$ cat upload-v8.csv   # CSV, C-alpha atoms and all ligand atoms
chain,number,residue,atom,x,y,z
R,1,MET,CA,82.3,89.7,145.6
R,2,SER,CA,83.9,92.6,143.7
R,3,VAL,CA,82.5,96.1,143.7
R,4,MET,CA,81.1,95.5,140.2
R,5,GLU,CA,78.8,92.8,141.6
R,6,MET,CA,77.6,94.6,144.7
R,7,SER,CA,74.2,96.2,144.9
R,8,HIS,CA,74.6,99.9,144.9
R,9,ARG,CA,72.1,99.9,147.8
R,10,SER,CA,74.2,97.7,149.9
R,11,ASP,CA,75.9,99.0,153.0
R,12,TYR,CA,79.3,98.3,151.4
R,13,PHE,CA,78.6,100.4,148.4
R,14,GLN,CA,77.0,103.2,150.4
R,15,ASP,CA,80.2,103.4,152.4
R,16,ILE,CA,82.3,103.6,149.3
R,17,MET,CA,80.0,106.4,147.9
R,18,ASN,CA,80.1,108.4,151.1
R,19,GLU,CA,83.9,108.0,151.5
R,20,THR,CA,84.5,109.1,147.9
R,21,ILE,CA,82.4,112.2,148.3
R,22,GLU,CA,84.1,113.0,151.7
R,23,LYS,CA,87.6,112.6,150.3
R,24,LEU,CA,86.8,114.9,147.4
R,25,ARG,CA,85.3,117.4,149.9
R,26,GLN,CA,88.5,117.3,151.9
R,27,LEU,CA,90.9,117.5,149.0
R,28,MET,CA,89.1,120.5,147.3
R,29,ASN,CA,88.0,122.1,150.6
R,30,ILE,CA,84.4,122.1,149.4
R,31,PRO,CA,82.2,124.2,151.7
R,32,SER,CA,79.1,122.5,153.2
R,33,SER,CA,76.8,124.8,151.2
R,34,TYR,CA,77.8,122.9,148.1
R,35,LYS,CA,76.5,119.5,146.9
R,36,VAL,CA,78.8,116.9,145.3
R,37,LEU,CA,77.0,115.0,142.6
R,38,PHE,CA,78.1,112.0,140.6
R,39,ILE,CA,76.5,112.0,137.1
R,40,GLN,CA,77.0,110.1,133.9
R,41,GLY,CA,77.1,111.4,130.3
R,42,GLY,CA,80.5,113.1,130.5
R,43,ALA,CA,81.3,116.7,130.6
R,44,SER,CA,79.5,117.0,127.3
R,45,LEU,CA,76.1,116.3,129.0
R,46,GLN,CA,77.0,119.2,131.4
R,47,PHE,CA,77.0,121.5,128.4
R,48,SER,CA,73.2,120.8,128.4
R,49,MET,CA,72.5,120.3,132.0
R,50,VAL,CA,74.1,123.6,133.1
R,51,PRO,CA,71.7,125.7,131.0
R,52,MET,CA,68.8,123.5,131.6
R,53,ASN,CA,69.2,123.9,135.4
R,54,LEU,CA,70.6,127.4,135.6
R,55,LEU,CA,69.0,129.4,132.8
R,56,ASN,CA,65.9,130.0,134.8
R,57,ASN,CA,65.4,133.6,135.9
R,58,HIS,CA,66.7,135.7,132.9
R,59,GLN,CA,67.1,133.0,130.2
R,60,HIS,CA,70.5,134.7,129.5
R,61,ALA,CA,74.1,133.7,130.3
R,62,TYR,CA,77.6,135.0,129.5
R,63,TYR,CA,80.2,132.6,128.1
R,64,ILE,CA,83.9,133.2,127.7
R,65,HIS,CA,85.0,131.6,124.5
R,66,THR,CA,88.5,130.1,124.8
R,67,GLY,CA,88.6,127.0,122.6
R,68,SER,CA,87.0,123.9,121.1
R,69,TRP,CA,85.4,122.8,124.3
R,70,SER,CA,83.9,126.2,125.2
R,71,GLU,CA,82.6,126.2,121.6
R,72,ARG,CA,80.7,123.0,122.3
R,73,ALA,CA,79.4,124.4,125.6
R,74,ILE,CA,78.2,127.5,123.8
R,75,GLN,CA,76.5,125.7,121.0
R,76,GLU,CA,74.6,123.5,123.4
R,77,ALA,CA,73.6,126.3,125.7
R,78,ARG,CA,72.1,128.3,122.8
R,79,LYS,CA,69.4,125.7,122.5
R,80,PHE,CA,68.1,126.8,125.9
R,81,GLY,CA,68.3,130.6,126.0
R,82,LYS,CA,70.2,133.7,125.1
R,83,ILE,CA,74.0,133.3,125.2
R,84,THR,CA,76.4,136.3,124.9
R,85,LEU,CA,80.1,135.8,124.4
R,86,ILE,CA,81.5,138.5,126.6
R,87,ALA,CA,85.1,137.7,125.7
R,88,SER,CA,86.8,135.5,123.1
R,89,SER,CA,90.3,134.6,122.0
R,90,GLU,CA,89.2,133.2,118.7
R,91,ASP,CA,91.0,136.2,116.9
R,92,GLN,CA,94.3,134.6,117.8
R,93,HIS,CA,93.4,130.9,117.4
R,94,PHE,CA,92.8,130.6,121.1
R,95,THR,CA,96.5,131.0,122.0
R,96,TYR,CA,95.6,133.2,125.0
R,97,VAL,CA,92.9,133.7,127.6
R,98,PRO,CA,91.1,137.0,127.1
R,99,SER,CA,91.1,139.4,130.0
R,100,THR,CA,87.7,139.6,131.6
R,101,GLU,CA,87.1,143.1,132.8
R,102,LEU,CA,83.7,142.4,134.2
R,103,THR,CA,82.7,145.9,135.1
R,104,SER,CA,80.0,145.7,132.4
R,105,PHE,CA,78.3,142.9,134.2
R,106,THR,CA,74.6,143.3,134.9
R,107,ALA,CA,72.5,141.4,137.3
R,108,ASP,CA,70.2,140.4,134.4
R,109,ILE,CA,72.0,137.1,133.6
R,110,ASP,CA,71.8,133.7,135.2
R,111,TYR,CA,75.5,132.7,135.2
R,112,VAL,CA,78.9,133.2,133.5
R,113,HIS,CA,80.7,130.1,132.0
R,114,ILE,CA,84.4,129.6,131.7
R,115,THR,CA,86.6,126.6,130.7
R,116,THR,CA,89.4,126.7,133.4
R,117,ASN,CA,91.8,124.7,131.2
R,118,ASN,CA,91.6,124.5,127.5
R,119,THR,CA,92.7,120.9,126.8
R,120,ILE,CA,93.3,121.2,123.0
R,121,GLU,CA,94.8,124.7,122.9
R,122,GLY,CA,96.9,124.4,126.0
R,123,THR,CA,95.8,127.6,127.8
R,124,ARG,CA,94.4,128.1,131.3
R,125,PHE,CA,92.8,130.9,133.3
R,126,ARG,CA,95.7,132.0,135.6
R,127,SER,CA,93.2,133.7,137.8
R,128,ILE,CA,89.5,133.2,138.2
R,129,PRO,CA,87.4,136.2,137.1
R,130,ASP,CA,85.7,138.0,139.9
R,131,ILE,CA,82.1,138.4,139.0
R,132,GLY,CA,80.7,139.4,142.3
R,133,SER,CA,77.6,137.6,143.4
R,134,LEU,CA,76.7,136.1,139.9
R,135,PRO,CA,77.2,132.4,139.7
R,136,LEU,CA,80.4,131.4,137.9
R,137,VAL,CA,80.3,128.0,136.2
R,138,GLY,CA,83.6,126.3,135.5
R,139,ASP,CA,84.3,123.4,133.1
R,140,MET,CA,87.3,121.9,135.0
R,141,SER,CA,87.4,118.6,133.1
R,142,SER,CA,91.1,118.8,132.2
R,143,ASN,CA,92.6,120.4,135.3
R,144,ILE,CA,90.4,119.6,138.3
R,145,LEU,CA,92.6,118.4,141.3
R,146,SER,CA,95.8,119.6,139.4
R,147,GLU,CA,96.0,122.9,141.3
R,148,VAL,CA,94.4,124.5,144.3
R,149,TYR,CA,91.1,126.3,143.5
R,150,ASP,CA,88.9,128.2,145.8
R,151,VAL,CA,85.5,126.4,145.2
R,152,SER,CA,83.6,129.3,146.8
R,153,LYS,CA,84.4,131.5,143.8
R,154,PHE,CA,82.2,129.2,141.7
R,155,GLY,CA,78.5,128.5,141.7
R,156,LEU,CA,79.1,125.3,139.9
R,157,ILE,CA,82.1,123.2,138.8
R,158,TYR,CA,81.9,120.2,136.5
R,159,ALA,CA,84.5,117.7,135.3
R,160,GLY,CA,84.5,114.5,133.4
R,161,ALA,CA,86.5,112.1,135.6
R,162,GLN,CA,88.8,110.6,133.0
R,163,LYS,CA,91.7,112.9,133.3
R,164,ASN,CA,92.6,113.5,136.9
R,165,ILE,CA,89.8,111.8,138.9
R,166,GLY,CA,89.1,108.2,137.8
R,167,PRO,CA,87.8,106.1,134.9
R,168,ALA,CA,85.5,107.5,132.2
R,169,GLY,CA,81.8,107.1,132.9
R,170,LEU,CA,81.7,109.4,135.9
R,171,THR,CA,81.2,113.1,135.9
R,172,VAL,CA,81.6,115.2,139.0
R,173,VAL,CA,79.4,118.2,139.6
R,174,ILE,CA,80.0,120.5,142.6
R,175,VAL,CA,77.1,122.9,142.9
R,176,HIS,CA,76.0,125.6,145.4
R,177,GLU,CA,72.7,124.5,146.9
R,178,ASP,CA,71.1,127.9,146.1
R,179,LEU,CA,71.3,127.0,142.4
R,180,LEU,CA,69.2,123.9,142.8
R,181,GLY,CA,65.4,123.7,142.5
R,182,ASN,CA,64.5,125.9,139.6
R,183,TYR,CA,64.0,123.2,137.0
R,184,SER,CA,61.3,123.0,134.4
R,185,ASN,CA,58.8,120.1,134.9
R,186,HIS,CA,59.0,119.5,131.1
R,187,TYR,CA,62.7,118.5,131.3
R,188,PRO,CA,63.8,114.9,132.1
R,189,THR,CA,64.1,113.9,135.7
R,190,MET,CA,67.6,112.5,135.1
R,191,LEU,CA,68.9,115.9,134.0
R,192,ASN,CA,67.8,117.7,137.1
R,193,TYR,CA,70.6,118.3,139.6
R,194,GLN,CA,68.1,118.1,142.4
R,195,THR,CA,67.4,114.5,141.5
R,196,TYR,CA,71.1,113.7,142.3
R,197,ALA,CA,71.2,116.0,145.3
R,198,THR,CA,68.3,114.5,147.1
R,199,SER,CA,69.3,110.8,146.4
R,200,ASN,CA,73.0,111.0,147.2
R,201,SER,CA,73.5,110.5,143.4
R,202,MET,CA,71.6,107.2,143.6
R,203,TYR,CA,68.3,107.9,142.0
R,204,ASN,CA,69.3,105.1,139.6
R,205,THR,CA,72.4,102.9,139.5
R,206,PRO,CA,75.5,105.0,139.6
R,207,PRO,CA,78.7,104.0,137.8
R,208,THR,CA,79.8,102.0,140.8
R,209,PHE,CA,83.2,100.8,139.6
R,210,SER,CA,84.3,104.3,138.4
R,211,ILE,CA,83.3,105.6,141.8
R,212,TYR,CA,85.3,102.9,143.6
R,213,MET,CA,88.3,103.6,141.4
R,214,THR,CA,87.9,107.4,142.1
R,215,LYS,CA,88.0,106.7,145.8
R,216,LEU,CA,91.4,104.9,145.3
R,217,VAL,CA,92.7,107.9,143.2
R,218,LEU,CA,91.6,110.3,145.9
R,219,GLU,CA,93.3,108.2,148.6
R,220,TRP,CA,96.5,108.3,146.5
R,221,LEU,CA,96.3,112.1,146.2
R,222,GLN,CA,95.7,112.4,150.0
R,223,GLU,CA,98.7,110.2,150.7
R,224,LEU,CA,100.8,112.3,148.4
R,225,GLY,CA,99.9,115.4,150.5
R,226,GLY,CA,96.9,116.8,148.8
R,227,VAL,CA,96.2,119.1,145.9
R,228,GLY,CA,98.8,121.7,147.0
R,229,VAL,CA,101.5,119.1,146.7
R,230,MET,CA,100.2,117.9,143.4
R,231,GLU,CA,100.2,121.5,142.1
R,232,GLN,CA,103.9,121.8,143.0
R,233,ILE,CA,104.7,118.6,141.2
R,234,ASN,CA,102.6,119.7,138.2
R,235,ARG,CA,104.4,123.1,138.1
R,236,GLU,CA,107.7,121.3,138.1
R,237,LYS,CA,106.7,118.9,135.4
R,238,ALA,CA,105.3,121.7,133.2
R,239,SER,CA,108.4,124.0,133.7
R,240,ILE,CA,110.8,121.2,132.6
R,241,LEU,CA,109.0,121.1,129.3
R,242,TYR,CA,108.4,124.9,129.0
R,243,ASN,CA,112.0,125.8,129.9
R,244,TYR,CA,113.2,123.5,127.1
R,245,LEU,CA,110.7,124.9,124.6
R,246,ASP,CA,111.8,128.4,125.4
R,247,GLU,CA,115.4,127.6,124.6
R,248,SER,CA,114.8,125.3,121.7
R,249,THR,CA,115.3,126.6,118.1
R,250,LEU,CA,113.4,123.7,116.6
R,251,PHE,CA,110.3,123.3,118.8
R,252,LYS,CA,107.9,126.1,119.5
R,253,SER,CA,104.8,126.7,121.6
R,254,LYS,CA,102.3,129.2,120.2
R,255,VAL,CA,100.6,129.9,123.6
R,256,VAL,CA,101.1,133.3,125.3
R,257,VAL,CA,103.5,132.6,128.2
R,258,SER,CA,101.3,134.0,130.9
R,259,ASP,CA,98.3,131.8,129.9
R,260,ARG,CA,100.2,128.5,129.6
R,261,SER,CA,98.4,125.3,130.8
R,262,LEU,CA,100.0,123.1,133.4
R,263,MET,CA,98.3,120.1,132.0
R,264,ASN,CA,98.4,120.2,128.2
R,265,ILE,CA,101.4,121.5,126.3
R,266,PRO,CA,101.0,121.8,122.5
R,267,PHE,CA,104.2,122.3,120.6
R,268,THR,CA,105.4,122.0,117.0
R,269,THR,CA,108.3,122.4,114.5
R,270,ASP,CA,107.9,124.5,111.4
R,271,SER,CA,107.7,121.3,109.2
R,272,ALA,CA,104.9,118.8,108.9
R,273,GLU,CA,107.5,116.2,107.9
R,274,LEU,CA,109.6,116.8,111.0
R,275,ASN,CA,106.5,116.6,113.2
R,276,HIS,CA,105.7,113.3,111.5
R,277,ASN,CA,109.2,111.9,112.1
R,278,PHE,CA,109.2,113.2,115.7
R,279,LEU,CA,106.0,111.3,116.5
R,280,LYS,CA,107.1,108.1,114.7
R,281,GLU,CA,110.4,107.9,116.4
R,282,ALA,CA,108.8,108.8,119.8
R,283,GLU,CA,106.5,105.8,119.5
R,284,ALA,CA,109.4,103.6,118.7
R,285,ILE,CA,111.1,104.4,122.0
R,286,GLY,CA,107.9,104.1,124.0
R,287,LEU,CA,106.8,107.8,124.2
R,288,HIS,CA,103.1,107.5,123.2
R,289,SER,CA,100.1,109.8,122.7
R,290,LEU,CA,102.1,112.9,121.7
R,291,GLU,CA,100.1,113.7,118.6
R,292,GLY,CA,98.4,117.1,118.7
R,293,HIS,CA,94.6,117.3,118.5
R,294,ARG,CA,93.5,116.8,114.9
R,295,SER,CA,92.2,120.4,114.8
R,296,THR,CA,95.6,121.9,115.7
R,297,GLY,CA,98.2,119.4,114.4
R,298,GLY,CA,101.7,119.3,115.7
R,299,MET,CA,102.3,117.7,119.1
R,300,ARG,CA,100.8,117.9,122.5
R,301,ALA,CA,102.1,116.5,125.8
R,302,SER,CA,99.4,116.0,128.4
R,303,LEU,CA,100.9,116.1,131.9
R,304,TYR,CA,97.9,114.9,133.9
R,305,ASN,CA,98.3,114.1,137.6
R,306,ALA,CA,99.2,110.5,136.8
R,307,MET,CA,102.2,111.4,134.6
R,308,PRO,CA,105.4,111.1,136.7
R,309,ILE,CA,108.2,113.6,136.5
R,310,ASP,CA,110.4,111.0,134.9
R,311,GLY,CA,108.0,110.8,132.0
R,312,VAL,CA,108.5,114.5,131.2
R,313,LYS,CA,112.3,114.2,131.6
R,314,ALA,CA,112.3,111.3,129.2
R,315,LEU,CA,110.3,113.4,126.7
R,316,VAL,CA,112.7,116.4,127.0
R,317,GLU,CA,115.8,114.1,126.6
R,318,TYR,CA,114.3,112.7,123.4
R,319,MET,CA,113.4,116.2,122.1
R,320,LYS,CA,117.0,117.4,122.7
R,321,LYS,CA,118.4,114.5,120.8
R,322,PHE,CA,115.9,115.0,118.0
R,323,GLU,CA,116.9,118.7,117.8
R,324,VAL,CA,120.6,117.9,117.6
R,325,THR,CA,119.9,115.5,114.7
R,326,TYR,CA,117.4,117.5,112.7
R,327,ARG,CA,118.1,121.2,113.4
M,1,LIG,N1,85.5,119.9,128.5
M,1,LIG,C1,86.9,119.8,128.4
M,1,LIG,C2,87.7,121.0,128.9
M,1,LIG,C3,87.4,118.6,128.0
M,1,LIG,O1,88.8,118.5,127.9
M,1,LIG,C4,86.6,117.6,127.6
M,1,LIG,C5,87.1,116.2,127.1
M,1,LIG,N2,88.4,116.2,126.7
M,1,LIG,C6,85.2,117.7,127.6
M,1,LIG,C7,84.7,118.9,128.1
M,1,LIG,C8,84.3,116.7,127.1
M,1,LIG,O2,84.3,115.6,128.1
M,1,LIG,P1,83.5,114.3,127.9
M,1,LIG,O3,84.3,113.5,126.9
M,1,LIG,O4,83.6,113.7,129.3
M,1,LIG,O5,82.1,114.6,127.5
$ encode --input "upload-v8.csv" --output "structure tokens" --more "lines below"
Ligand code: PMP
Amino acid sequence: MSVMEMSHRSDYFQDIMNETIEKLRQLMNIPSSYKVLFIQGGASLQFSMVPMNLLNNHQHAYYIHTGSWSERAIQEARKFGKITLIASSEDQHFTYVPSTELTSFTADIDYVHITTNNTIEGTRFRSIPDIGSLPLVGDMSSNILSEVYDVSKFGLIYAGAQKNIGPAGLTVVIVHEDLLGNYSNHYPTMLNYQTYATSNSMYNTPPTFSIYMTKLVLEWLQELGGVGVMEQINREKASILYNYLDESTLFKSKVVVSDRSLMNIPFTTDSAELNHNFLKEAEAIGLHSLEGHRSTGGMRASLYNAMPIDGVKALVEYMKKFEVTYR
């Protein structure tokens, strides 16, 4: 019987579930005061669940606006309460992460929301804003498990699994237990974090196969040496591409150097035609998925945990040859 056929209530699957949570706890060093929840609906459903569960005392939250995904989070949260953008990099097309001098913080808000890595724009928070005792919520969808984070700096972390954790269909939420239990009776049971916290994420059938695959990915990461080792590898991968971009006269990155993402590296030439040729010839030699997001154009290399160093080296080799031919 495969994991897809097993009852999620069976002992076999209970073990898989518990081991998966335990491995994530070990890898991210998650304190025991935090619950690990497995939810469906993607990170996009968290754009709603976060305000539904956390906007309870003051009906007011701060969001730091750093790109297309924070935009979605903000639009959704506005359906549930007052949302103030305390910092934004929209003025420079999200090519940097705004500094967050949080001295102006009051205690009259429920939480502060950041997107730790901006998948489309290729930026990341190089340090986590210190907001004192207020809960910090982090959308970590595109860089969870790629570098070491201190979970205790966050009240809640969420991430769609499909980049660094496992197959699509699973969303991981790590939430401090103090943030649970203030949910409106009028909202759906399935969108209450408490429902997941009290049932070990098995109030209904969880995405069993995605959870099993996640367990295997987490085992792979443990065997590799953990998140710290993965971070070193990711830094090396990213620096191979950034070093080349810095010396290239054909390709450019628009992102401010200090805020560069380790996971998503957008780059471009000055010519739409050259970009087109670059992508076409890349496909022909087996370098796929290099097209930039439709909102930004150009190219984007995503160097998620599963991308080996050789993949980045192959890309840079190809870019060098392309530059010699077309410069
Ligand atoms: N936030 C970020 C930072 C993302 O990169 C993505 C997906 N690329 C999302 C949210 C949305 O995730 P999902 O497709 O799981 O809803």
$ closest_residue --input "upload-v8.csv" --among "R:Asp11, R:Glu283, R:Glu121, R:Asp130" --to "ligand LIG 1 (chain M)" --atoms "all atoms listed in the file"
R:Glu121
$ residues_near_ligand --input "upload-v8.csv" --ligand "ligand LIG 1 (chain M)" --cutoff "8 Å" --atoms "only C-alpha atoms and all ligand atoms" --output "list in words"
Gly41, Gly42, Ala43, Ser44, Leu45, Gln46, Trp69, Ser70, Thr115, Thr116, Asn117, Asn118, Thr119, Ile120, Asp139, Met140, Ser141, Ser142, Ala159, Gly160, Ala161, Gln162, Ala168, Gly169 and Thr171 of chain R
$ closest_residue --input "upload-v8.csv" --among "R:Gly166, R:Gly181, R:Pro31, R:Pro188" --to "R:Ser48" --atoms "all atoms listed in the file"
R:Pro188
$ closest_residue --input "upload-v8.csv" --among "R:Val50, R:Leu170, R:Ile39, R:Leu221" --to "R:Phe80" --atoms "only C-alpha atoms"
R:Val50
$ closest_residue --input "upload-v8.csv" --among "R:Val255, R:Leu216, R:Val324, R:Val175" --to "R:Ile30" --atoms "all atoms listed in the file"
R:Val175
$ closest_residue --input "upload-v8.csv" --among "R:Thr296, R:Thr269, R:Thr325, R:Asn243" --to "R:Val312" --atoms "all atoms listed in the file"
R:Asn243
$ atom_distance --input "upload-v8.csv" --atom1 "atom CA of R:His276" --atom2 "atom CA of R:Ala314"
19.0 Å
$ atom_distance --input "upload-v8.csv" --atom1 "atom CA of R:Leu145" --atom2 "atom CA of R:Asn305"
8.0 Å
$ closest_residue --input "upload-v8.csv" --among "R:Leu191, R:Ile64, R:Leu245, R:Val112" --to "R:Val97" --atoms "all atoms listed in the file"
R:Ile64
$ residues_around --input "upload-v8.csv" --residues "stretch 223-231 of chain R" --least-positions-apart "5" --cutoff "9 Å" --atoms "all atoms listed in the file" --output "list in words"
Gln26, Leu27, Met28, Leu145, Ser146, Glu147, Val148, Leu218, Glu236, Leu262 and Asn305 of chain R
$ atom_distance --input "upload-v8.csv" --atom1 "atom CA of R:Tyr63" --atom2 "atom CA of R:Ser88"
8.8 Å
$ residues_around --input "upload-v8.csv" --residues "R:Tyr187" --least-positions-apart "5" --cutoff "12 Å" --atoms "all atoms listed in the file" --output "list in words"
Ser48, Met49, Pro51, Met52, Asn53, Phe80, Asn182, Asn192, Tyr193 and Thr195 of chain R
$ residues_near_point --input "upload-v8.csv" --point "(107.3, 110.2, 115.2)" --cutoff "12 Å" --atoms "only C-alpha atoms" --output "PyMOL selection string"
chain R and resi 272-292+298-299+318-319+322
$ build_atoms --input "upload-v8.csv" --residues "stretch 160-169 of chain R" --atoms "all heavy atoms" --output "JSON list (two decimals), in the coordinates of the input"
[["chain", "number", "residue", "atom", "x", "y", "z"],
["R", 160, "GLY", "N", 84.46, 115.89, 133.70],
["R", 160, "GLY", "CA", 84.50, 114.50, 133.40],
["R", 160, "GLY", "C", 85.65, 113.87, 134.16],
["R", 160, "GLY", "O", 86.68, 114.50, 134.32],
["R", 161, "ALA", "N", 85.46, 112.64, 134.66],
["R", 161, "ALA", "CA", 86.50, 112.10, 135.60],
["R", 161, "ALA", "C", 87.76, 111.68, 134.92],
["R", 161, "ALA", "O", 88.81, 111.65, 135.55],
["R", 161, "ALA", "CB", 85.87, 110.87, 136.30],
["R", 162, "GLN", "N", 87.71, 111.41, 133.63],
["R", 162, "GLN", "CA", 88.80, 110.60, 133.00],
["R", 162, "GLN", "C", 90.17, 111.15, 132.94],
["R", 162, "GLN", "O", 91.09, 110.44, 132.56],
["R", 162, "GLN", "CB", 88.30, 110.15, 131.60],
["R", 162, "GLN", "CG", 88.04, 111.28, 130.62],
["R", 162, "GLN", "CD", 86.60, 111.77, 130.64],
["R", 162, "GLN", "OE1", 85.92, 111.65, 131.63],
["R", 162, "GLN", "NE2", 86.13, 112.33, 129.53],
["R", 163, "LYS", "N", 90.35, 112.40, 133.31],
["R", 163, "LYS", "CA", 91.70, 112.90, 133.30],
["R", 163, "LYS", "C", 92.41, 112.82, 134.63],
["R", 163, "LYS", "O", 93.40, 112.12, 134.76],
["R", 163, "LYS", "CB", 91.74, 114.34, 132.75],
["R", 163, "LYS", "CG", 91.64, 114.28, 131.22],
["R", 163, "LYS", "CD", 90.96, 115.40, 130.59],
["R", 163, "LYS", "CE", 90.98, 115.21, 129.11],
["R", 163, "LYS", "NZ", 89.66, 115.04, 128.51],
["R", 164, "ASN", "N", 91.88, 113.51, 135.62],
["R", 164, "ASN", "CA", 92.60, 113.50, 136.90],
["R", 164, "ASN", "C", 91.79, 112.85, 138.05],
["R", 164, "ASN", "O", 92.25, 112.87, 139.19],
["R", 164, "ASN", "CB", 92.86, 114.97, 137.34],
["R", 164, "ASN", "CG", 94.08, 115.53, 136.63],
["R", 164, "ASN", "OD1", 94.93, 114.79, 136.15],
["R", 164, "ASN", "ND2", 94.15, 116.85, 136.54],
["R", 165, "ILE", "N", 90.61, 112.30, 137.76],
["R", 165, "ILE", "CA", 89.80, 111.80, 138.90],
["R", 165, "ILE", "C", 89.69, 110.28, 138.89],
["R", 165, "ILE", "O", 89.87, 109.65, 139.93],
["R", 165, "ILE", "CB", 88.37, 112.41, 138.84],
["R", 165, "ILE", "CG1", 88.41, 113.94, 138.78],
["R", 165, "ILE", "CG2", 87.57, 111.94, 140.03],
["R", 165, "ILE", "CD1", 87.05, 114.60, 138.65],
["R", 166, "GLY", "N", 89.37, 109.69, 137.77],
["R", 166, "GLY", "CA", 89.10, 108.20, 137.80],
["R", 166, "GLY", "C", 88.75, 107.80, 136.36],
["R", 166, "GLY", "O", 88.93, 108.53, 135.39],
["R", 167, "PRO", "N", 88.15, 106.61, 136.23],
["R", 167, "PRO", "CA", 87.80, 106.10, 134.90],
["R", 167, "PRO", "C", 86.68, 106.90, 134.26],
["R", 167, "PRO", "O", 85.84, 107.50, 134.95],
["R", 167, "PRO", "CB", 87.34, 104.67, 135.16],
["R", 167, "PRO", "CG", 87.78, 104.34, 136.54],
["R", 167, "PRO", "CD", 87.85, 105.63, 137.28],
["R", 168, "ALA", "N", 86.64, 106.87, 132.93],
["R", 168, "ALA", "CA", 85.50, 107.50, 132.20],
["R", 168, "ALA", "C", 84.22, 106.86, 132.67],
["R", 168, "ALA", "O", 84.19, 105.74, 133.17],
["R", 168, "ALA", "CB", 85.72, 107.23, 130.71],
["R", 169, "GLY", "N", 83.14, 107.61, 132.51],
["R", 169, "GLY", "CA", 81.80, 107.10, 132.90],
["R", 169, "GLY", "C", 81.29, 107.85, 134.11],
["R", 169, "GLY", "O", 80.10, 107.76, 134.42]]
